[in-house]
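What follows is data_34.cif (mmCIF, C-alpha atoms and all ligand atoms).
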data_final
loop_
_atom_site.group_PDB
_atom_site.id
_atom_site.type_symbol
_atom_site.label_atom_id
_atom_site.label_comp_id
_atom_site.auth_asym_id
_atom_site.auth_seq_id
_atom_site.Cartn_x
_atom_site.Cartn_y
_atom_site.Cartn_z
ATOM 1 C CA MET A 72 39.853 -23.813 -44.125
ATOM 2 C CA GLY A 73 43.234 -25.446 -44.299
ATOM 3 C CA GLU A 74 44.446 -23.287 -41.427
ATOM 4 C CA ASP A 75 44.180 -23.761 -37.689
ATOM 5 C CA LEU A 76 41.994 -20.660 -37.356
ATOM 6 C CA ILE A 77 38.384 -20.103 -36.378
ATOM 7 C CA LEU A 78 36.498 -17.399 -38.245
ATOM 8 C CA GLU A 79 33.527 -15.741 -36.529
ATOM 9 C CA GLN A 80 31.664 -12.998 -38.321
ATOM 10 C CA LYS A 81 28.500 -10.937 -38.529
ATOM 11 C CA HIS A 82 27.382 -8.075 -40.711
ATOM 12 C CA GLY A 83 24.621 -5.540 -40.677
ATOM 13 C CA LYS A 84 23.546 -1.965 -41.228
ATOM 14 C CA ALA A 85 23.905 0.735 -38.602
ATOM 15 C CA ARG A 86 21.998 3.956 -38.057
ATOM 16 C CA VAL A 87 19.172 3.477 -40.506
ATOM 17 C CA ARG A 88 16.945 6.433 -39.752
ATOM 18 C CA VAL A 89 13.264 6.096 -40.549
ATOM 19 C CA ALA A 90 10.185 8.064 -39.598
ATOM 20 C CA ARG A 91 6.670 6.643 -39.990
ATOM 21 C CA ALA A 92 3.529 8.754 -39.829
ATOM 22 C CA TRP A 93 -0.022 7.437 -39.460
ATOM 23 C CA ARG A 94 -2.919 9.679 -40.363
ATOM 24 C CA GLN A 95 -6.530 9.330 -39.286
ATOM 25 C CA SER A 96 -9.121 12.015 -39.453
ATOM 26 C CA GLY A 97 -8.826 13.894 -36.181
ATOM 27 C CA LYS A 98 -5.505 12.387 -35.056
ATOM 28 C CA GLN A 99 -2.066 11.789 -36.491
ATOM 29 C CA TRP A 100 0.978 9.965 -35.093
ATOM 30 C CA ILE A 101 4.663 9.893 -35.884
ATOM 31 C CA VAL A 102 7.614 7.828 -34.729
ATOM 32 C CA GLU A 103 11.265 8.334 -35.577
ATOM 33 C CA TRP A 104 13.605 5.368 -35.209
ATOM 34 C CA ASN A 105 17.329 4.834 -35.547
ATOM 35 C CA VAL A 106 17.699 1.161 -36.476
ATOM 36 C CA ASN A 107 20.738 -1.097 -36.199
ATOM 37 C CA ILE A 108 20.582 -4.515 -37.856
ATOM 38 C CA MET A 109 23.096 -7.299 -37.304
ATOM 39 C CA LEU A 110 22.845 -10.640 -39.096
ATOM 40 C CA TYR A 111 24.674 -13.779 -38.048
ATOM 41 C CA SER A 112 24.777 -15.795 -41.245
ATOM 42 C CA GLU A 113 26.550 -18.602 -43.021
ATOM 43 C CA CYS A 114 28.619 -16.674 -45.533
ATOM 44 C CA LEU A 115 32.190 -17.673 -44.698
ATOM 45 C CA ALA A 116 33.150 -17.926 -48.377
ATOM 46 C CA ALA A 117 32.677 -14.189 -48.693
ATOM 47 C CA TYR A 118 35.547 -13.746 -46.252
ATOM 48 C CA THR A 119 37.794 -16.573 -47.375
ATOM 49 C CA ASN A 120 37.143 -16.779 -51.140
ATOM 50 C CA GLY A 121 35.585 -13.477 -52.126
ATOM 51 C CA ASP A 122 32.384 -15.372 -52.968
ATOM 52 C CA ASN A 123 29.418 -13.086 -52.183
ATOM 53 C CA SER A 124 26.669 -15.511 -53.179
ATOM 54 C CA ASP A 125 25.497 -15.957 -49.571
ATOM 55 C CA ILE A 126 25.659 -12.287 -48.618
ATOM 56 C CA VAL A 127 22.542 -10.273 -47.779
ATOM 57 C CA ALA A 128 23.636 -6.809 -48.899
ATOM 58 C CA THR A 129 23.531 -4.263 -46.110
ATOM 59 C CA ASP A 130 21.855 -1.931 -48.596
ATOM 60 C CA SER A 131 18.983 -4.439 -48.850
ATOM 61 C CA MET A 132 18.774 -4.456 -45.042
ATOM 62 C CA LYS A 133 18.348 -0.680 -45.094
ATOM 63 C CA ASN A 134 15.590 -0.877 -47.705
ATOM 64 C CA THR A 135 13.846 -3.574 -45.667
ATOM 65 C CA VAL A 136 13.502 -1.094 -42.792
ATOM 66 C CA TYR A 137 11.551 1.293 -45.030
ATOM 67 C CA ALA A 138 9.491 -1.526 -46.570
ATOM 68 C CA LYS A 139 8.501 -2.935 -43.170
ATOM 69 C CA ALA A 140 7.698 0.550 -41.840
ATOM 70 C CA LYS A 141 5.353 0.962 -44.798
ATOM 71 C CA GLU A 142 3.710 -2.405 -43.998
ATOM 72 C CA CYS A 143 2.793 -1.263 -40.471
ATOM 73 C CA ALA A 144 -0.735 -0.080 -41.148
ATOM 74 C CA ASP A 145 -1.321 1.042 -37.565
ATOM 75 C CA HIS A 146 0.757 2.885 -34.986
ATOM 76 C CA VAL A 147 3.097 0.159 -33.776
ATOM 77 C CA PRO A 148 5.267 0.002 -30.614
ATOM 78 C CA VAL A 149 8.984 0.040 -31.385
ATOM 79 C CA GLU A 150 9.383 -3.443 -29.872
ATOM 80 C CA ASP A 151 6.810 -4.918 -32.268
ATOM 81 C CA PHE A 152 8.528 -3.241 -35.205
ATOM 82 C CA GLY A 153 11.885 -4.731 -34.165
ATOM 83 C CA ILE A 154 10.333 -8.211 -33.875
ATOM 84 C CA LEU A 155 8.674 -7.847 -37.288
ATOM 85 C CA LEU A 156 11.953 -6.792 -38.865
ATOM 86 C CA GLY A 157 14.027 -9.494 -37.190
ATOM 87 C CA LYS A 158 11.582 -12.254 -38.059
ATOM 88 C CA HIS A 159 11.670 -11.132 -41.681
ATOM 89 C CA PHE A 160 15.426 -11.710 -41.973
ATOM 90 C CA ILE A 161 15.238 -15.117 -40.276
ATOM 91 C CA ALA A 162 12.313 -16.250 -42.429
ATOM 92 C CA THR A 163 13.588 -14.882 -45.742
ATOM 93 C CA TYR A 164 17.227 -15.958 -45.841
ATOM 94 C CA SER A 165 18.201 -19.571 -45.120
ATOM 95 C CA GLN A 166 21.790 -18.370 -44.541
ATOM 96 C CA VAL A 167 20.754 -16.243 -41.552
ATOM 97 C CA THR A 168 21.035 -18.093 -38.229
ATOM 98 C CA ALA A 169 20.367 -15.238 -35.797
ATOM 99 C CA VAL A 170 19.461 -11.567 -35.867
ATOM 100 C CA THR A 171 19.957 -8.678 -33.489
ATOM 101 C CA ILE A 172 17.928 -5.524 -34.030
ATOM 102 C CA LYS A 173 18.627 -2.450 -31.919
ATOM 103 C CA ILE A 174 16.413 0.616 -32.194
ATOM 104 C CA VAL A 175 16.490 3.988 -30.476
ATOM 105 C CA GLU A 176 13.229 5.927 -30.650
ATOM 106 C CA LYS A 177 13.463 9.689 -30.766
ATOM 107 C CA PRO A 178 11.183 11.153 -28.072
ATOM 108 C CA TRP A 179 8.640 13.029 -30.181
ATOM 109 C CA GLU A 180 5.751 13.798 -27.829
ATOM 110 C CA ARG A 181 2.341 15.179 -28.697
ATOM 111 C CA VAL A 182 1.996 18.841 -27.694
ATOM 112 C CA TRP A 183 -0.883 20.071 -25.592
ATOM 113 C CA ILE A 184 -2.324 23.503 -26.312
ATOM 114 C CA ASP A 185 -4.546 25.003 -23.606
ATOM 115 C CA GLY A 186 -5.047 21.543 -22.095
ATOM 116 C CA ILE A 187 -6.017 19.956 -25.427
ATOM 117 C CA PRO A 188 -3.837 17.341 -27.194
ATOM 118 C CA HIS A 189 -2.814 18.674 -30.600
ATOM 119 C CA GLU A 190 -3.962 16.535 -33.539
ATOM 120 C CA HIS A 191 -0.708 16.771 -35.476
ATOM 121 C CA GLY A 192 1.803 18.744 -33.350
ATOM 122 C CA PHE A 193 4.812 17.172 -31.570
ATOM 123 C CA LYS A 194 7.779 18.418 -29.558
ATOM 124 C CA LEU A 195 11.007 16.681 -28.709
ATOM 125 C CA GLY A 196 11.145 15.245 -25.185
ATOM 126 C CA THR A 197 14.241 14.126 -23.311
ATOM 127 C CA GLU A 198 14.784 10.480 -22.479
ATOM 128 C CA LYS A 199 14.902 7.893 -25.270
ATOM 129 C CA HIS A 200 13.150 4.550 -25.543
ATOM 130 C CA THR A 201 15.497 1.778 -26.672
ATOM 131 C CA VAL A 202 14.932 -1.831 -27.704
ATOM 132 C CA GLU A 203 17.095 -4.810 -28.499
ATOM 133 C CA ILE A 204 15.556 -7.824 -30.201
ATOM 134 C CA ASN A 205 17.423 -11.125 -30.506
ATOM 135 C CA ILE A 206 15.929 -13.859 -32.665
ATOM 136 C CA ASN A 207 17.367 -17.265 -33.479
ATOM 137 C CA LYS A 208 16.626 -19.718 -36.268
ATOM 138 C CA GLY A 209 14.113 -21.595 -34.110
ATOM 139 C CA GLY A 210 12.047 -18.428 -33.879
ATOM 140 C CA ASP A 211 12.890 -17.769 -30.236
ATOM 141 C CA VAL A 212 12.676 -14.069 -29.496
ATOM 142 C CA LYS A 213 14.335 -12.105 -26.715
ATOM 143 C CA VAL A 214 13.014 -8.593 -26.152
ATOM 144 C CA THR A 215 14.931 -6.067 -24.076
ATOM 145 C CA SER A 216 13.469 -2.591 -23.659
ATOM 146 C CA GLY A 217 15.191 0.331 -22.105
ATOM 147 C CA VAL A 218 15.366 4.010 -21.380
ATOM 148 C CA GLU A 219 18.388 6.254 -21.853
ATOM 149 C CA GLY A 220 19.074 9.774 -20.681
ATOM 150 C CA LEU A 221 16.484 9.843 -17.891
ATOM 151 C CA ALA A 222 17.958 12.767 -15.942
ATOM 152 C CA LEU A 223 16.746 12.957 -12.317
ATOM 153 C CA LEU A 224 17.739 15.260 -9.469
ATOM 154 C CA LYS A 225 16.592 15.853 -5.911
ATOM 155 C CA THR A 226 17.782 18.727 -3.750
ATOM 156 C CA THR A 227 17.638 16.878 -0.423
ATOM 157 C CA GLN A 228 16.895 13.471 1.142
ATOM 158 C CA SER A 229 20.298 12.151 0.112
ATOM 159 C CA GLY A 230 23.509 11.476 2.036
ATOM 160 C CA PHE A 231 26.615 9.324 1.980
ATOM 161 C CA GLU A 232 28.230 8.084 5.199
ATOM 162 C CA GLY A 233 30.086 5.135 6.667
ATOM 163 C CA PHE A 234 32.276 4.399 3.648
ATOM 164 C CA ILE A 235 35.915 3.245 3.921
ATOM 165 C CA ARG A 236 38.250 5.925 5.265
ATOM 166 C CA ASP A 237 41.984 5.708 4.632
ATOM 167 C CA LYS A 238 44.873 7.972 3.710
ATOM 168 C CA TYR A 239 43.297 8.749 0.336
ATOM 169 C CA THR A 240 39.874 9.691 1.705
ATOM 170 C CA MET A 241 39.021 13.370 1.689
ATOM 171 C CA LEU A 242 35.258 13.212 1.124
ATOM 172 C CA PRO A 243 33.371 14.367 4.235
ATOM 173 C CA GLU A 244 30.464 12.282 5.431
ATOM 174 C CA THR A 245 27.115 13.937 4.848
ATOM 175 C CA LYS A 246 23.424 13.478 5.567
ATOM 176 C CA GLU A 247 22.534 16.268 3.170
ATOM 177 C CA ARG A 248 23.498 16.563 -0.478
ATOM 178 C CA ILE A 249 22.041 16.921 -3.937
ATOM 179 C CA LEU A 250 21.505 13.622 -5.742
ATOM 180 C CA ALA A 251 21.606 13.819 -9.531
ATOM 181 C CA THR A 252 21.879 11.087 -12.126
ATOM 182 C CA GLU A 253 21.040 10.134 -15.675
ATOM 183 C CA VAL A 254 19.428 6.722 -15.543
ATOM 184 C CA SER A 255 20.076 4.162 -18.262
ATOM 185 C CA ALA A 256 17.926 1.084 -17.779
ATOM 186 C CA LYS A 257 17.404 -2.102 -19.764
ATOM 187 C CA TRP A 258 14.915 -4.801 -18.864
ATOM 188 C CA ARG A 259 14.209 -8.125 -20.520
ATOM 189 C CA TYR A 260 10.726 -9.583 -20.902
ATOM 190 C CA THR A 261 9.794 -13.187 -20.159
ATOM 191 C CA ARG A 262 6.821 -12.918 -22.495
ATOM 192 C CA LYS A 263 4.907 -10.337 -24.453
ATOM 193 C CA PRO A 264 3.115 -7.797 -22.229
ATOM 194 C CA SER A 265 -0.345 -6.704 -23.363
ATOM 195 C CA CYS A 266 1.218 -3.549 -24.861
ATOM 196 C CA TYR A 267 4.940 -2.822 -25.027
ATOM 197 C CA THR A 268 4.439 0.945 -24.953
ATOM 198 C CA ASP A 269 2.252 0.777 -21.833
ATOM 199 C CA ALA A 270 4.795 -1.516 -20.170
ATOM 200 C CA TYR A 271 7.629 0.881 -21.060
ATOM 201 C CA ASN A 272 5.780 3.847 -19.555
ATOM 202 C CA ALA A 273 4.840 1.890 -16.417
ATOM 203 C CA VAL A 274 8.400 0.663 -15.789
ATOM 204 C CA LYS A 275 9.756 4.174 -16.328
ATOM 205 C CA LYS A 276 7.175 5.588 -13.908
ATOM 206 C CA THR A 277 8.144 3.009 -11.270
ATOM 207 C CA LEU A 278 11.832 3.934 -11.591
ATOM 208 C CA VAL A 279 11.027 7.627 -11.191
ATOM 209 C CA ASP A 280 8.545 7.127 -8.328
ATOM 210 C CA VAL A 281 11.014 5.066 -6.292
ATOM 211 C CA PHE A 282 13.880 7.499 -6.930
ATOM 212 C CA PHE A 283 11.884 10.430 -5.533
ATOM 213 C CA GLY A 284 9.483 8.927 -2.974
ATOM 214 C CA SER A 285 6.227 10.695 -2.112
ATOM 215 C CA PRO A 286 5.826 14.339 -3.223
ATOM 216 C CA HIS A 287 5.909 15.918 0.239
ATOM 217 C CA VAL A 288 8.179 13.634 2.240
ATOM 218 C CA GLY A 289 10.354 12.000 -0.428
ATOM 219 C CA VAL A 290 12.552 9.094 0.597
ATOM 220 C CA TYR A 291 16.053 9.194 2.098
ATOM 221 C CA SER A 292 18.855 7.834 -0.090
ATOM 222 C CA PRO A 293 21.946 6.643 1.838
ATOM 223 C CA SER A 294 23.772 6.016 -1.478
ATOM 224 C CA VAL A 295 23.183 5.774 -5.212
ATOM 225 C CA GLN A 296 23.721 2.020 -4.777
ATOM 226 C CA ASN A 297 20.806 1.662 -2.335
ATOM 227 C CA THR A 298 18.464 3.830 -4.390
ATOM 228 C CA LEU A 299 19.371 1.954 -7.578
ATOM 229 C CA TYR A 300 18.657 -1.364 -5.857
ATOM 230 C CA PHE A 301 15.210 -0.274 -4.630
ATOM 231 C CA MET A 302 14.347 1.074 -8.084
ATOM 232 C CA ALA A 303 15.293 -2.226 -9.737
ATOM 233 C CA GLN A 304 13.607 -4.293 -7.016
ATOM 234 C CA ALA A 305 10.348 -2.333 -7.395
ATOM 235 C CA VAL A 306 10.289 -3.097 -11.121
ATOM 236 C CA MET A 307 10.896 -6.795 -10.474
ATOM 237 C CA HIS A 308 8.143 -6.926 -7.830
ATOM 238 C CA LYS A 309 5.609 -4.983 -9.872
ATOM 239 C CA PHE A 310 6.157 -6.543 -13.289
ATOM 240 C CA PRO A 311 6.223 -10.371 -13.365
ATOM 241 C CA VAL A 312 6.634 -10.013 -17.130
ATOM 242 C CA VAL A 313 10.153 -8.648 -16.563
ATOM 243 C CA GLU A 314 12.818 -11.290 -16.026
ATOM 244 C CA SER A 315 15.859 -9.080 -15.476
ATOM 245 C CA ILE A 316 16.745 -5.424 -15.233
ATOM 246 C CA HIS A 317 20.038 -3.599 -15.484
ATOM 247 C CA LEU A 318 20.456 -0.054 -14.198
ATOM 248 C CA SER A 319 23.337 2.326 -14.741
ATOM 249 C CA MET A 320 23.227 5.485 -12.622
ATOM 250 C CA PRO A 321 26.157 7.894 -12.771
ATOM 251 C CA ASN A 322 26.553 10.024 -9.668
ATOM 252 C CA LEU A 323 26.579 13.540 -11.162
ATOM 253 C CA HIS A 324 28.196 15.606 -8.476
ATOM 254 C CA PHE A 325 27.044 18.963 -7.165
ATOM 255 C CA LEU A 326 30.116 20.080 -5.242
ATOM 256 C CA PRO A 327 29.648 22.521 -2.348
ATOM 257 C CA VAL A 328 31.265 25.890 -3.118
ATOM 258 C CA ASN A 329 33.356 27.326 -0.273
ATOM 259 C CA ILE A 330 35.521 30.372 -1.013
ATOM 260 C CA SER A 331 37.016 32.006 2.039
ATOM 261 C CA ASN A 332 35.404 35.381 2.847
ATOM 262 C CA ILE A 333 33.303 35.280 -0.333
ATOM 263 C CA VAL A 334 31.058 32.219 -0.295
ATOM 264 C CA LYS A 335 30.367 30.160 2.795
ATOM 265 C CA PHE A 336 28.531 27.019 1.724
ATOM 266 C CA ASP A 337 25.107 26.736 3.317
ATOM 267 C CA HIS A 338 23.520 24.121 1.015
ATOM 268 C CA ASP A 339 22.942 26.831 -1.531
ATOM 269 C CA VAL A 340 25.793 27.379 -4.025
ATOM 270 C CA TYR A 341 27.192 24.328 -5.840
ATOM 271 C CA MET A 342 29.582 23.576 -8.662
ATOM 272 C CA PRO A 343 27.805 21.027 -10.870
ATOM 273 C CA THR A 344 30.170 18.642 -12.618
ATOM 274 C CA ASP A 345 29.961 15.396 -14.492
ATOM 275 C CA GLU A 346 33.720 15.066 -15.026
ATOM 276 C CA PRO A 347 34.721 12.951 -13.247
ATOM 277 C CA HIS A 348 31.569 11.250 -12.055
ATOM 278 C CA GLY A 349 30.804 8.088 -10.091
ATOM 279 C CA THR A 350 29.512 5.132 -12.123
ATOM 280 C CA ILE A 351 27.156 2.781 -10.354
ATOM 281 C CA GLU A 352 25.605 -0.199 -12.148
ATOM 282 C CA ALA A 353 23.755 -3.321 -11.097
ATOM 283 C CA SER A 354 21.303 -5.866 -12.415
ATOM 284 C CA LEU A 355 18.610 -8.008 -10.859
ATOM 285 C CA THR A 356 17.617 -11.287 -12.465
ATOM 286 C CA ARG A 357 15.011 -13.839 -11.458
ATOM 287 C CA LYS A 358 16.566 -17.135 -10.378
ATOM 288 C CA ASP A 359 14.432 -19.113 -12.829
ATOM 289 C CA PHE A 360 15.645 -16.925 -15.714
ATOM 290 C CA THR A 361 15.328 -18.651 -19.108
ATOM 291 C CA GLY A 362 16.486 -16.181 -21.760
ATOM 292 C CA PHE A 363 14.447 -16.907 -24.866
ATOM 293 C CA SER A 364 10.697 -17.208 -25.375
ATOM 294 C CA LYS A 365 8.256 -17.328 -28.269
ATOM 295 C CA MET A 366 6.751 -13.878 -28.871
HETATM 296 O O1 LIG B 401 26.161 7.314 -3.468
HETATM 297 C C1 LIG B 401 27.395 7.275 -3.567
HETATM 298 N N1 LIG B 401 28.028 6.097 -3.808
HETATM 299 C C2 LIG B 401 29.382 6.007 -3.898
HETATM 300 O O2 LIG B 401 29.924 4.892 -4.138
HETATM 301 C C3 LIG B 401 30.126 7.180 -3.753
HETATM 302 N N2 LIG B 401 31.451 7.454 -3.788
HETATM 303 C C4 LIG B 401 31.583 8.794 -3.577
HETATM 304 O O3 LIG B 401 32.691 9.406 -3.571
HETATM 305 N N3 LIG B 401 30.375 9.383 -3.396
HETATM 306 C C5 LIG B 401 29.446 8.395 -3.499
HETATM 307 N N4 LIG B 401 28.108 8.435 -3.403
#
So that I can check it, write out the structure of this file as structure tokens.
Ligand SMILES: O=c1[nH]c(=O)c2[nH]c(=O)[nH]c2[nH]1
Amino acid sequence: MGEDLILEQKHGKARVRVARAWRQSGKQWIVEWNVNIMLYSECLAAYTNGDNSDIVATDSMKNTVYAKAKECADHVPVEDFGILLGKHFIATYSQVTAVTIKIVEKPWERVWIDGIPHEHGFKLGTEKHTVEININKGGDVKVTSGVEGLALLKTTQSGFEGFIRDKYTMLPETKERILATEVSAKWRYTRKPSCYTDAYNAVKKTLVDVFFGSPHVGVYSPSVQNTLYFMAQAVMHKFPVVESIHLSMPNLHFLPVNISNIVKFDHDVYMPTDEPHGTIEASLTRKDFTGFSKM
């Protein structure tokens, strides 16, 4: 380039919203996706010389999302759609060396009326299913699924004791508190599970089950850190198809309310607050972690 500078670049289209419905007699489905595409491609001349001849227009990327959604004849898991889309860009454009596709699925859930699943009725749920697909020129695919906004709370079986005490420490030790969080999790697959949607639901169920423990007894949490670790460990033990998991669990505080002569706290009245909140994150990865696989 005639200059002692290294240029690194990527371009893509963000927030492409698409909904895809599938209709069969007796049952209909819908998904709504927010798609982010990022292409790593050999198009340096566009930056240095204003030569666009190697550019895939981001408008074409957007249209590709709709075209590929149309091509999906059957109800398709969001992971498979991301792989399909990513592989298209790698296969179609020689300039493209790697692709990252990120998709957030809106939680439309089938409604049940009087115990019967509705054929064409859906309501919006809470937590969102996310995916990130990375594909390189050799066709290696990395699939990372996740859940965002999984809000969990338990009214007991949580405490926090034994932490460092110094001149800045005011927090009392406790064996009894409310534990509330909004789990964000991402886990990477070593290979394709038999069904991505089933795997997503099973991992999510494991996270929830370990957070709460059994319905009558529960399980004691000595810290968010310990609970997070057991949640991640359970996923790694139960799902050999998962090669790493990352969990982020803010500690959303329920502060005891004590107002002299008016309210004496007896594990009953709290001030809920998420500002500020604790941020606790960790990941678990298998030692023989490889990164990419053919999917
Ligand atoms: O579970 C917790 N982990 C912490 O690190 C922490 N810090 C804090 O003030 N409260 C808590 N609770």
Next on the checklist: Distance limit 9 Å, reference ligand LIG 401 (chain B), atoms considered: only C-alpha atoms and all ligand atoms. Which residues make the cut? Give them as a ChimeraX atom specification.
Outcome noted: /A:229-232,234,240,242,250,292-298,322,324,348-351
Checklist entry - What is the distance, in Å and to one decimal place, between atom CA of A:Asn107 and atom CA of A:Lys133? => result 9.2 Å
What's the 9 Å shell around A:His82, counting all atoms listed in the file, without same-chain residues fewer than 5 positions away, as a PDB file with C-alpha atoms, keeping the file's coordinate frame?
ATOM      1  CA  ILE A 108      20.582  -4.515 -37.856  1.00  0.00           C
ATOM      2  CA  MET A 109      23.096  -7.299 -37.304  1.00  0.00           C
ATOM      3  CA  LEU A 110      22.845 -10.640 -39.096  1.00  0.00           C
ATOM      4  CA  TYR A 111      24.674 -13.779 -38.048  1.00  0.00           C
ATOM      5  CA  SER A 112      24.777 -15.795 -41.245  1.00  0.00           C
ATOM      6  CA  VAL A 127      22.542 -10.273 -47.779  1.00  0.00           C
ATOM      7  CA  THR A 129      23.531  -4.263 -46.110  1.00  0.00           C
TER       8      THR A 129
END
Residues of stretch 220-252 of chain A within 12 Å of stretch 308-321 of chain A: nearest atom pair and distance (Å, one decimal) for each, counting all atoms listed in the file, sorted by chain and number, as a Markdown table?
| residue | atom | partner | partner_atom | distance |
| --- | --- | --- | --- | --- |
| A:Gly220 | CA | A:Met320 | CA | 10.0 |
| A:Leu221 | CA | A:Met320 | CA | 9.6 |
| A:Ala222 | CA | A:Met320 | CA | 9.6 |
| A:Leu223 | CA | A:Met320 | CA | 9.9 |
| A:Leu224 | CA | A:Met320 | CA | 11.6 |
| A:Leu250 | CA | A:Pro321 | CA | 10.2 |
| A:Ala251 | CA | A:Pro321 | CA | 8.1 |
| A:Thr252 | CA | A:Pro321 | CA | 5.4 |
Item to check | Residue members of the PyMOL selection byres (((chain A and resi 207-213) around 10) and not hetatm) in the file shown, as number ranges by chain | outcome: A: 111, 154, 157-158, 160-162, 165-171, 203-206, 214-215, 259-263, 362-366
Checklist entry - Using all atoms listed in the file, which of A:Ala144, A:Ser354, A:Val328, A:Trp93 sits nearest A:Phe301? => result A:Ser354
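Using all atoms listed in the file for every distance, the candidate list A:Gly289, A:His191, A:Leu156, A:Thr119 yields A:Thr119 as the residue closest to A:Leu76.
Nearest-residue note for A:Glu346: choosing from A:Asn332, A:Val274, A:Leu323, A:Trp258, the minimum distance belongs to A:Leu323, counting only C-alpha atoms.
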Item to check | Residues near A:Glu150, cut-off 7 Å, all atoms listed in the file, skip fewer than 3 positions along chain, as a list of chain:residue names | outcome: A:Gly153, A:Ile154, A:Val202, A:Tyr267
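Here atom CA of A:Lys173 and atom CA of A:Lys199 stand 12.8 Å from one another.
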Next on the checklist: Taking the file as I've supplied it (selection: the PyMOL selection byres (((chain A and resi 302) around 9) and not hetatm)), which residues are included? Please answer as a PyMOL selection string.
Outcome noted: chain A and resi 277-282+297-301+303-307+318
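Among the candidates A:Ser131, A:Ser331, A:Thr163, A:Gln80, the one nearest to A:Tyr118 when counting only C-alpha atoms is A:Gln80.
The shortest atom-to-atom distance to A:Leu195, with all atoms listed in the file taken into account, belongs to A:Val102 out of A:Val102, A:Glu253, A:Asp345, A:Asn120.
For the pair atom CA of A:Leu326 and atom CA of A:Thr344, the separation is 7.5 Å.
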Item to check | the PyMOL selection byres (((chain A and resi 180) around 6) and not hetatm) resolved against shown file, as a ChimeraX atom specification | outcome: /A:179,181,193-194
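Ranking A:Pro264, A:Gly233, A:Ile172, A:Val218 by their shortest atom-to-atom distance to A:Lys276, with all atoms listed in the file included, puts A:Val218 first.
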Using the incomplete input, complete stretch 208-223 of chain A to the level of N, CA and C atoms; output as a PDB file, in the frame of the given file.
ATOM      1  N   LYS A 208      17.222 -18.994 -35.131  1.00  0.00           N
ATOM      2  CA  LYS A 208      16.626 -19.718 -36.268  1.00  0.00           C
ATOM      3  C   LYS A 208      15.350 -20.442 -35.854  1.00  0.00           C
ATOM      4  N   GLY A 209      15.302 -20.889 -34.582  1.00  0.00           N
ATOM      5  CA  GLY A 209      14.113 -21.595 -34.110  1.00  0.00           C
ATOM      6  C   GLY A 209      12.937 -20.663 -33.861  1.00  0.00           C
ATOM      7  N   GLY A 210      13.138 -19.378 -34.077  1.00  0.00           N
ATOM      8  CA  GLY A 210      12.047 -18.428 -33.879  1.00  0.00           C
ATOM      9  C   GLY A 210      11.945 -17.930 -32.455  1.00  0.00           C
ATOM     10  N   ASP A 211      12.901 -18.295 -31.612  1.00  0.00           N
ATOM     11  CA  ASP A 211      12.890 -17.769 -30.236  1.00  0.00           C
ATOM     12  C   ASP A 211      13.253 -16.290 -30.264  1.00  0.00           C
ATOM     13  N   VAL A 212      12.510 -15.524 -29.481  1.00  0.00           N
ATOM     14  CA  VAL A 212      12.676 -14.069 -29.496  1.00  0.00           C
ATOM     15  C   VAL A 212      12.992 -13.586 -28.086  1.00  0.00           C
ATOM     16  N   LYS A 213      13.994 -12.733 -27.996  1.00  0.00           N
ATOM     17  CA  LYS A 213      14.335 -12.105 -26.715  1.00  0.00           C
ATOM     18  C   LYS A 213      14.111 -10.614 -26.894  1.00  0.00           C
ATOM     19  N   VAL A 214      13.301 -10.027 -26.040  1.00  0.00           N
ATOM     20  CA  VAL A 214      13.014  -8.593 -26.152  1.00  0.00           C
ATOM     21  C   VAL A 214      13.551  -7.878 -24.925  1.00  0.00           C
ATOM     22  N   THR A 215      14.398  -6.902 -25.159  1.00  0.00           N
ATOM     23  CA  THR A 215      14.931  -6.067 -24.076  1.00  0.00           C
ATOM     24  C   THR A 215      14.564  -4.623 -24.379  1.00  0.00           C
ATOM     25  N   SER A 216      13.809  -4.007 -23.491  1.00  0.00           N
ATOM     26  CA  SER A 216      13.469  -2.591 -23.659  1.00  0.00           C
ATOM     27  C   SER A 216      14.324  -1.772 -22.718  1.00  0.00           C
ATOM     28  N   GLY A 217      14.385  -0.499 -22.982  1.00  0.00           N
ATOM     29  CA  GLY A 217      15.191   0.331 -22.105  1.00  0.00           C
ATOM     30  C   GLY A 217      14.861   1.803 -22.232  1.00  0.00           C
ATOM     31  N   VAL A 218      15.486   2.560 -21.321  1.00  0.00           N
ATOM     32  CA  VAL A 218      15.366   4.010 -21.380  1.00  0.00           C
ATOM     33  C   VAL A 218      16.778   4.563 -21.205  1.00  0.00           C
ATOM     34  N   GLU A 219      17.064   5.613 -21.940  1.00  0.00           N
ATOM     35  CA  GLU A 219      18.388   6.254 -21.853  1.00  0.00           C
ATOM     36  C   GLU A 219      18.221   7.742 -21.657  1.00  0.00           C
ATOM     37  N   GLY A 220      19.087   8.320 -20.837  1.00  0.00           N
ATOM     38  CA  GLY A 220      19.074   9.774 -20.681  1.00  0.00           C
ATOM     39  C   GLY A 220      17.960  10.275 -19.783  1.00  0.00           C
ATOM     40  N   LEU A 221      17.537   9.436 -18.834  1.00  0.00           N
ATOM     41  CA  LEU A 221      16.484   9.843 -17.891  1.00  0.00           C
ATOM     42  C   LEU A 221      17.153  10.613 -16.749  1.00  0.00           C
ATOM     43  N   ALA A 222      17.219  11.928 -16.899  1.00  0.00           N
ATOM     44  CA  ALA A 222      17.958  12.767 -15.942  1.00  0.00           C
ATOM     45  C   ALA A 222      17.067  13.105 -14.756  1.00  0.00           C
ATOM     46  N   LEU A 223      17.523  12.752 -13.550  1.00  0.00           N
ATOM     47  CA  LEU A 223      16.746  12.957 -12.317  1.00  0.00           C
ATOM     48  C   LEU A 223      17.616  13.666 -11.285  1.00  0.00           C
TER      49      LEU A 223
END
